[in-house]
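Q: Shown below is the structure under consideration.
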Amino acid sequence: MRISVIGTGYVGLVTGTCLAESGNTVTCIDNDPKKLAMLEAGKLPIYEPGLQELVDRNRREERLQFTSDLPSGIAAAKIIFVCVGTPQSATGAADLASIWAVGDAIANSLREPKLVVVKSTVPVGTNRRLRERMATRTQQPLDTASNPEFLKEGAAVDDFMKPDRVVVGVTTPEAERLLRELYAPFLRTDRPFLVMTPDSAEMTKYVANAMLATKISFINEMANLCEQMGADINEVRRGIGHDARIGFQFLFPGPGFGGSCFPKDISALVAMSKPGGPPLALMDAVQRVNAAQKRVLGKKIRQHFGDGLAGKTLAVWGLAFKPRTDDIREAPSLVLIDEMLAAGVRLRVHDPEALKNVRAIYGDRLHYCDRPYGALEGADGLVIVTEWQEFRNPDFEVMRKLLQQPVIFDGRNLYEPGTVHSHGFMYYGIGRAATPCAKGQPAGGD
Ligand SMILES: NC(=O)c1ccc[n+]([C@@H]2O[C@H](COP(=O)([O-])OP(=O)(O)OC[C@H]3O[C@@H](n4cnc5c(N)ncnc54)[C@H](O)[C@@H]3O)[C@@H](O)[C@H]2O)c1
């Protein structure tokens, strides 16, 4: 099939590339000239494991191309996927300006009937509104469908290639048939293709993210209580996870959730219910708990250093909002960085992929380190914000020598307190009591 994908961000680029990989001819369209220049030069504007190789192969085999020209980019397509951003607006609701702009541009250049599929996360009713709006701008028969995307950054290619399920919201049998045919190669292991109304499909995406965000805020709240009560959340987590009704997934405490989806989607959900709808007390609480959780690491640091915090240097490992991505949108690391800079702390930061994006915000206010151990040199402590795999098994002896003061603030509970303690570190995790240095090795350094 000939496909067009509008918006070549984390969702659009993965969607277009994976659809090309399954044999379709795909044109990706974006209005950001910088992104397009990179893509046309064979470089990816984002980091996503496994994506570069797929883009290279499909460009070489001429199944994947990029353009900024929407009318020519959609001319031959049977299906047009809309994957533009739907960021949070000043009111908290989703900002749909890009959806409407793209809808208008498609309608204005339609020369034959097409199926327009919205993959962006949009409030309930958007599909209907888009269809009506486009119909006022063109005489061509057109159909719209909703096809929310559930991929996870850091595992996006795998998620797209082997989805848990595909959800489509359609109003015509022809839209269902086309999408079923398109997705068939990805669902060969009997994963479900779920057909529903566009309203339900749009709602499904928000409810999925609301559930996941709720789990995170729940475990974070319990972690803080554990800490106060002298219990260890890691032991408690294992204690509850074996209950099949609860499970282990998404129940890891940390420094709060970030990213381009959960914060804005919860906010959009709350905004959706506002006009006369039921109050979303739980979603309000999820947001409040998360905002407070993003300050938990800073609080521990302030408590540890007390009045001596200003002028200290801290190493930070992990800046992306989660591992295996360079995305820093709403990342907890940004809250920590702002707090520490305001407190007069110097920061030596390391992330395997996100340094460029962080530098674009903070410029020379931070010291950027290409290697994790380099960040430790001369620092008065280490803060771990993102759980990149390479941080899990460090050489504590080397770390001890590089750091001025042996203290670790572990925002992801990567380490066993006893192990770190035995290497002479003071250790602060999330939801577990702080562990002092081993005897004879004061926290203030040798
Ligand atoms: N990132 C994720 O993990 C994820 C997962 C599922 C769903 N989503 C949803 O998918 C949508 C896209 O998210 P993303 O993270 O890929 O966003 P993004 O910001 O990475 O990409 C959006 C792209 O759309 C382009 N764009 C904007 N307006 C345009 C226009 N008028 N014409 C052409 N291109 C235009 C931008 O230049 C950008 O490249 C959002 O609604 C998001 O909520 C994201």
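Here's how to read the names in the structure tokens: chain A, B, ... by the order shown, residue numbers from 1 in each chain, ligand numbers from 1 in the order shown.
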When the cut-off is 6 Å and you count only C-alpha atoms and all ligand atoms, which residues lie near ligand 1, shown as a PyMOL selection string?
A: chain A and resi 6-12+29-32+83-86+98+101-102+120-121+149-153+260-261
Q: Range 102-192 of chain A: which residues are strand (DSSP E) by DSSP, as a ChimeraX atom specification?
A: /A:114-118,142-146,166-169
Q: Check the DSSP output for the backbone and give back, as an NGL selection string, the residues of range 188-277 of chain A in alpha helix (DSSP H).
A: :A and (198-229 or 233-241 or 262-273)
Q: Keeping C-alpha atoms for every residue in the selection just given, could you write it to a file as a compact mmCIF listing (two decimals), in the first residue's frame?
A:
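Final output, saved to selection-v3.txt:
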```
# COMPACT_ATOMS: atom_id res chain seq x y z
CA PRO A 198 -13.50 6.48 17.25
CA ASP A 199 -14.68 7.95 20.56
CA SER A 200 -13.86 4.72 22.41
CA ALA A 201 -10.50 4.38 20.64
CA GLU A 202 -9.54 7.93 21.60
CA MET A 203 -10.62 7.30 25.18
CA THR A 204 -8.73 3.98 25.33
CA LYS A 205 -5.40 5.75 24.88
CA TYR A 206 -6.07 8.19 27.73
CA VAL A 207 -7.37 5.49 30.05
CA ALA A 208 -4.30 3.32 29.39
CA ASN A 209 -1.95 6.18 30.25
CA ALA A 210 -4.07 7.19 33.25
CA MET A 211 -3.82 3.64 34.63
CA LEU A 212 -0.05 3.50 34.16
CA ALA A 213 0.51 6.93 35.70
CA THR A 214 -1.74 5.98 38.62
CA LYS A 215 0.36 2.89 39.30
CA ILE A 216 3.51 5.00 39.42
CA SER A 217 2.05 7.63 41.74
CA PHE A 218 0.58 4.86 43.90
CA ILE A 219 3.90 3.10 44.42
CA ASN A 220 5.69 6.41 44.96
CA GLU A 221 3.21 7.40 47.65
CA MET A 222 3.61 4.00 49.32
CA ALA A 223 7.40 4.32 49.03
CA ASN A 224 7.37 7.60 50.92
CA LEU A 225 5.23 6.03 53.62
CA CYS A 226 7.58 3.02 53.84
CA GLU A 227 10.48 5.38 54.37
CA GLN A 228 8.68 7.12 57.19
CA MET A 229 7.66 3.82 58.81
CA ILE A 233 9.50 -0.50 49.50
CA ASN A 234 11.58 -2.97 47.53
CA GLU A 235 10.69 -5.76 49.94
CA VAL A 236 7.08 -4.60 50.03
CA ARG A 237 6.98 -4.45 46.21
CA ARG A 238 8.07 -8.07 46.03
CA GLY A 239 5.56 -8.93 48.69
CA ILE A 240 2.66 -7.53 46.68
CA GLY A 241 3.85 -8.30 43.13
CA PHE A 262 1.79 10.84 30.88
CA PRO A 263 1.94 14.41 32.24
CA LYS A 264 0.16 16.01 29.29
CA ASP A 265 -2.32 13.16 28.81
CA ILE A 266 -3.42 13.13 32.46
CA SER A 267 -3.79 16.88 32.27
CA ALA A 268 -5.84 16.57 29.06
CA LEU A 269 -8.04 13.92 30.67
CA VAL A 270 -8.73 16.19 33.63
CA ALA A 271 -9.47 19.07 31.24
CA MET A 272 -11.81 16.84 29.19
CA SER A 273 -14.05 16.14 32.18
```
Q: I'd like to know which of A:Asn413, A:Thr15, A:Thr325, A:Thr67 is closest to Asp159 in chain A, using only C-alpha atoms.
A: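 Once distances to Asp159 in chain A are computed over only C-alpha atoms, the minimum belongs to A:Thr15.
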Q: How many Å lie between CA of Lys162 in chain A and CA of Phe186 in chain A, rounded to one decimal?
A: 5.9 Å
Q: Which residue gives the smallest distance to Leu376 in chain A among A:Pro406, A:Ala90, A:Asp56, A:Pro436, with only C-alpha atoms counted?
A: A:Pro406
Q: Can you list, as JSON, numbers by chain, every protein, DNA or RNA residue that comes within 12 Å of Gly308 in chain A when you count only C-alpha atoms, leaving out same-chain residues fewer than 6 positions away?
A: {"A": [301, 302, 343, 344, 345, 380, 444]}
Q: Could you check which of A:Met38, A:Leu64, A:Val335, A:Leu44 is closest to Cys18 in chain A, using only C-alpha atoms?
A: A:Leu64
Q: Pick the closest to Phe252 in chain A from A:Pro417, A:Gly298, A:Gly378, A:Gly431: which is it, counting only C-alpha atoms?
A: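 Result for the nearest residue to Phe252 in chain A: A:Gly431.
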Q: Identify which of the residues A:Thr435, A:Ser146, A:Thr419, A:Thr313 lies closest to Gln404 in chain A, counting only C-alpha atoms when measuring atom-to-atom distances.
A: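 Residue with the minimum atom-to-atom distance to Gln404 in chain A: A:Thr313.
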Q: Give me the residues near Thr144 in chain A as a VMD selection string, where near means some atom within 10 Å (using only C-alpha atoms) and where sequence neighbours in that chain fewer than 6 positions away do not count.
A: chain A and resid 79 to 81 114 to 118 127 to 128 130 to 132 134 169 to 172 175 198
Q: Store the residues picked out above in a file with all heavy atoms, as a short mmCIF file (atom, residue, chain, number, x, y, z; two decimals), in the first residue's frame.
A:
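Output below, filename result_12.cif:
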```cif
data_model
loop_
_atom_site.label_atom_id
_atom_site.label_comp_id
_atom_site.auth_asym_id
_atom_site.auth_seq_id
_atom_site.Cartn_x
_atom_site.Cartn_y
_atom_site.Cartn_z
N ILE A 79 -3.75 5.69 2.49
CA ILE A 79 -3.99 6.01 3.90
C ILE A 79 -3.01 7.08 4.33
O ILE A 79 -1.82 7.01 4.01
CB ILE A 79 -3.77 4.77 4.80
CG1 ILE A 79 -4.61 3.58 4.31
CG2 ILE A 79 -4.09 5.08 6.25
CD1 ILE A 79 -4.43 2.32 5.15
N ILE A 80 -3.51 8.07 5.08
CA ILE A 80 -2.64 9.13 5.61
C ILE A 80 -2.69 9.03 7.14
O ILE A 80 -3.76 9.15 7.74
CB ILE A 80 -3.15 10.53 5.20
CG1 ILE A 80 -3.23 10.63 3.67
CG2 ILE A 80 -2.25 11.62 5.76
CD1 ILE A 80 -3.98 11.88 3.19
N PHE A 81 -1.54 8.79 7.75
CA PHE A 81 -1.47 8.77 9.21
C PHE A 81 -1.09 10.16 9.72
O PHE A 81 -0.12 10.74 9.24
CB PHE A 81 -0.43 7.75 9.70
CG PHE A 81 -0.93 6.34 9.66
CD1 PHE A 81 -0.67 5.53 8.56
CD2 PHE A 81 -1.68 5.83 10.71
CE1 PHE A 81 -1.14 4.23 8.51
CE2 PHE A 81 -2.16 4.53 10.67
CZ PHE A 81 -1.89 3.72 9.57
N LYS A 114 -9.61 9.38 0.35
CA LYS A 114 -8.53 8.79 1.15
C LYS A 114 -9.03 8.52 2.57
O LYS A 114 -10.03 9.10 2.99
CB LYS A 114 -7.35 9.77 1.24
CG LYS A 114 -6.68 10.04 -0.10
CD LYS A 114 -5.37 10.75 0.06
CE LYS A 114 -4.85 11.28 -1.27
NZ LYS A 114 -4.48 10.25 -2.22
N LEU A 115 -8.27 7.68 3.27
CA LEU A 115 -8.56 7.43 4.68
C LEU A 115 -7.53 8.19 5.52
O LEU A 115 -6.32 7.98 5.35
CB LEU A 115 -8.47 5.92 4.98
CG LEU A 115 -8.63 5.52 6.44
CD1 LEU A 115 -10.01 5.91 6.99
CD2 LEU A 115 -8.41 4.01 6.62
N VAL A 116 -8.02 9.07 6.38
CA VAL A 116 -7.12 9.83 7.26
C VAL A 116 -7.19 9.21 8.66
O VAL A 116 -8.27 9.16 9.27
CB VAL A 116 -7.55 11.32 7.31
CG1 VAL A 116 -6.66 12.10 8.28
CG2 VAL A 116 -7.51 11.93 5.91
N VAL A 117 -6.05 8.73 9.14
CA VAL A 117 -6.02 7.99 10.41
C VAL A 117 -5.25 8.81 11.44
O VAL A 117 -4.08 9.12 11.23
CB VAL A 117 -5.33 6.63 10.22
CG1 VAL A 117 -5.31 5.85 11.52
CG2 VAL A 117 -6.02 5.83 9.13
N VAL A 118 -5.90 9.14 12.54
CA VAL A 118 -5.23 9.94 13.57
C VAL A 118 -4.55 9.01 14.57
O VAL A 118 -5.21 8.24 15.27
CB VAL A 118 -6.23 10.87 14.29
CG1 VAL A 118 -5.52 11.67 15.39
CG2 VAL A 118 -6.88 11.81 13.28
N ASN A 127 -11.84 13.00 16.33
CA ASN A 127 -11.99 12.36 15.01
C ASN A 127 -13.22 12.87 14.30
O ASN A 127 -13.21 13.19 13.12
CB ASN A 127 -12.07 10.85 15.22
CG ASN A 127 -11.26 10.11 14.19
OD1 ASN A 127 -11.82 9.70 13.17
ND2 ASN A 127 -9.96 10.00 14.41
N ARG A 128 -14.31 12.92 15.07
CA ARG A 128 -15.58 13.39 14.50
C ARG A 128 -15.44 14.84 14.03
O ARG A 128 -15.82 15.20 12.91
CB ARG A 128 -16.67 13.27 15.57
CG ARG A 128 -18.06 13.31 15.06
CD ARG A 128 -19.11 12.99 16.14
NE ARG A 128 -18.60 12.50 17.41
CZ ARG A 128 -18.54 13.23 18.52
NH1 ARG A 128 -18.92 14.49 18.52
NH2 ARG A 128 -18.10 12.69 19.65
N LEU A 130 -12.78 16.43 13.27
CA LEU A 130 -11.85 16.54 12.13
C LEU A 130 -12.56 16.20 10.82
O LEU A 130 -12.41 16.90 9.81
CB LEU A 130 -10.66 15.59 12.36
CG LEU A 130 -9.57 15.64 11.29
CD1 LEU A 130 -8.84 16.98 11.32
CD2 LEU A 130 -8.56 14.51 11.48
N ARG A 131 -13.37 15.13 10.88
CA ARG A 131 -14.08 14.71 9.66
C ARG A 131 -15.02 15.82 9.20
O ARG A 131 -15.08 16.18 8.02
CB ARG A 131 -14.86 13.42 9.94
CG ARG A 131 -15.46 12.79 8.70
CD ARG A 131 -15.92 11.36 8.93
NE ARG A 131 -16.74 11.19 10.11
CZ ARG A 131 -16.41 10.45 11.18
NH1 ARG A 131 -15.28 9.80 11.21
NH2 ARG A 131 -17.22 10.35 12.21
N GLU A 132 -15.76 16.39 10.16
CA GLU A 132 -16.72 17.45 9.81
C GLU A 132 -15.99 18.67 9.25
O GLU A 132 -16.39 19.26 8.25
CB GLU A 132 -17.53 17.85 11.05
CG GLU A 132 -18.54 16.78 11.45
CD GLU A 132 -19.07 16.95 12.88
OE1 GLU A 132 -18.75 17.97 13.54
OE2 GLU A 132 -19.81 16.03 13.32
N MET A 134 -13.00 18.82 7.82
CA MET A 134 -12.41 18.57 6.50
C MET A 134 -13.50 18.56 5.43
O MET A 134 -13.27 19.04 4.31
CB MET A 134 -11.65 17.24 6.51
CG MET A 134 -10.35 17.31 7.32
SD MET A 134 -9.60 15.69 7.54
CE MET A 134 -8.89 15.43 5.97
N GLY A 169 -10.54 2.86 15.75
CA GLY A 169 -11.89 3.40 15.88
C GLY A 169 -12.35 3.81 14.50
O GLY A 169 -11.75 4.70 13.88
N VAL A 170 -13.38 3.13 13.99
CA VAL A 170 -13.80 3.37 12.60
C VAL A 170 -15.32 3.58 12.54
O VAL A 170 -16.05 3.19 13.45
CB VAL A 170 -13.42 2.18 11.69
CG1 VAL A 170 -11.91 2.04 11.57
CG2 VAL A 170 -14.03 0.89 12.21
N THR A 171 -15.74 4.18 11.42
CA THR A 171 -17.19 4.33 11.22
C THR A 171 -17.64 3.65 9.94
O THR A 171 -18.83 3.66 9.62
CB THR A 171 -17.59 5.83 11.17
OG1 THR A 171 -16.79 6.47 10.18
CG2 THR A 171 -17.38 6.51 12.51
N THR A 172 -16.69 3.09 9.16
CA THR A 172 -17.08 2.41 7.92
C THR A 172 -16.36 1.06 7.83
O THR A 172 -15.23 0.92 8.30
CB THR A 172 -16.68 3.24 6.67
OG1 THR A 172 -15.25 3.36 6.66
CG2 THR A 172 -17.32 4.61 6.67
N ALA A 175 -12.88 1.33 6.09
CA ALA A 175 -11.75 1.77 6.93
C ALA A 175 -11.24 0.59 7.75
O ALA A 175 -10.02 0.37 7.85
CB ALA A 175 -12.21 2.91 7.85
N PRO A 198 -14.62 5.54 17.06
CA PRO A 198 -13.50 6.48 17.25
C PRO A 198 -13.48 7.07 18.66
O PRO A 198 -12.41 7.23 19.25
CB PRO A 198 -13.76 7.55 16.18
CG PRO A 198 -14.51 6.83 15.09
CD PRO A 198 -15.38 5.84 15.81
#
```
Q: Work out how far apart CA of Ala37 in chain A and CA of Leu54 in chain A are and give it in Å to one decimal.
A: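 These two atoms are separated by 18.2 Å.
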Q: Skipping near chain neighbours, those fewer than 5 positions away, what residues fall within 12 Å of Ala135 in chain A using only C-alpha atoms, listed as an MDAnalysis selection string?
A: chainID A and resid 103:104 106:108 110 113 128:130 140:144
Q: Record the distance separating CA of Glu339 in chain A and CA of Tyr362 in chain A, expressed in Å with one decimal.
A: 13.1 Å
Q: Could you check the closest approach to Pro352 in chain A for each of A:Gly254, A:Gly429, A:Pro173, A:Gly318 and tell me which residue wins, using only C-alpha atoms?
A: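 Of A:Gly254, A:Gly429, A:Pro173, A:Gly318, the one nearest Pro352 in chain A is A:Gly318, counting only C-alpha atoms.
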Q: Quick one: everything within 10 Å of range 394-400 of chain A, counting only C-alpha atoms, minus sequence neighbours fewer than 2 positions away in the same chain. Send it as a list in words.
A: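 Those residues are Pro372, Tyr373, Gly374, Leu376, Glu377, Gly381, Leu382, Glu390, Phe391, Arg392, Leu402, Leu403, Gln404, Gln405, Pro406, Val407, Tyr415, Thr419, Val420, Ser422, His423, Gly424, Phe425 and Gly445 of chain A.
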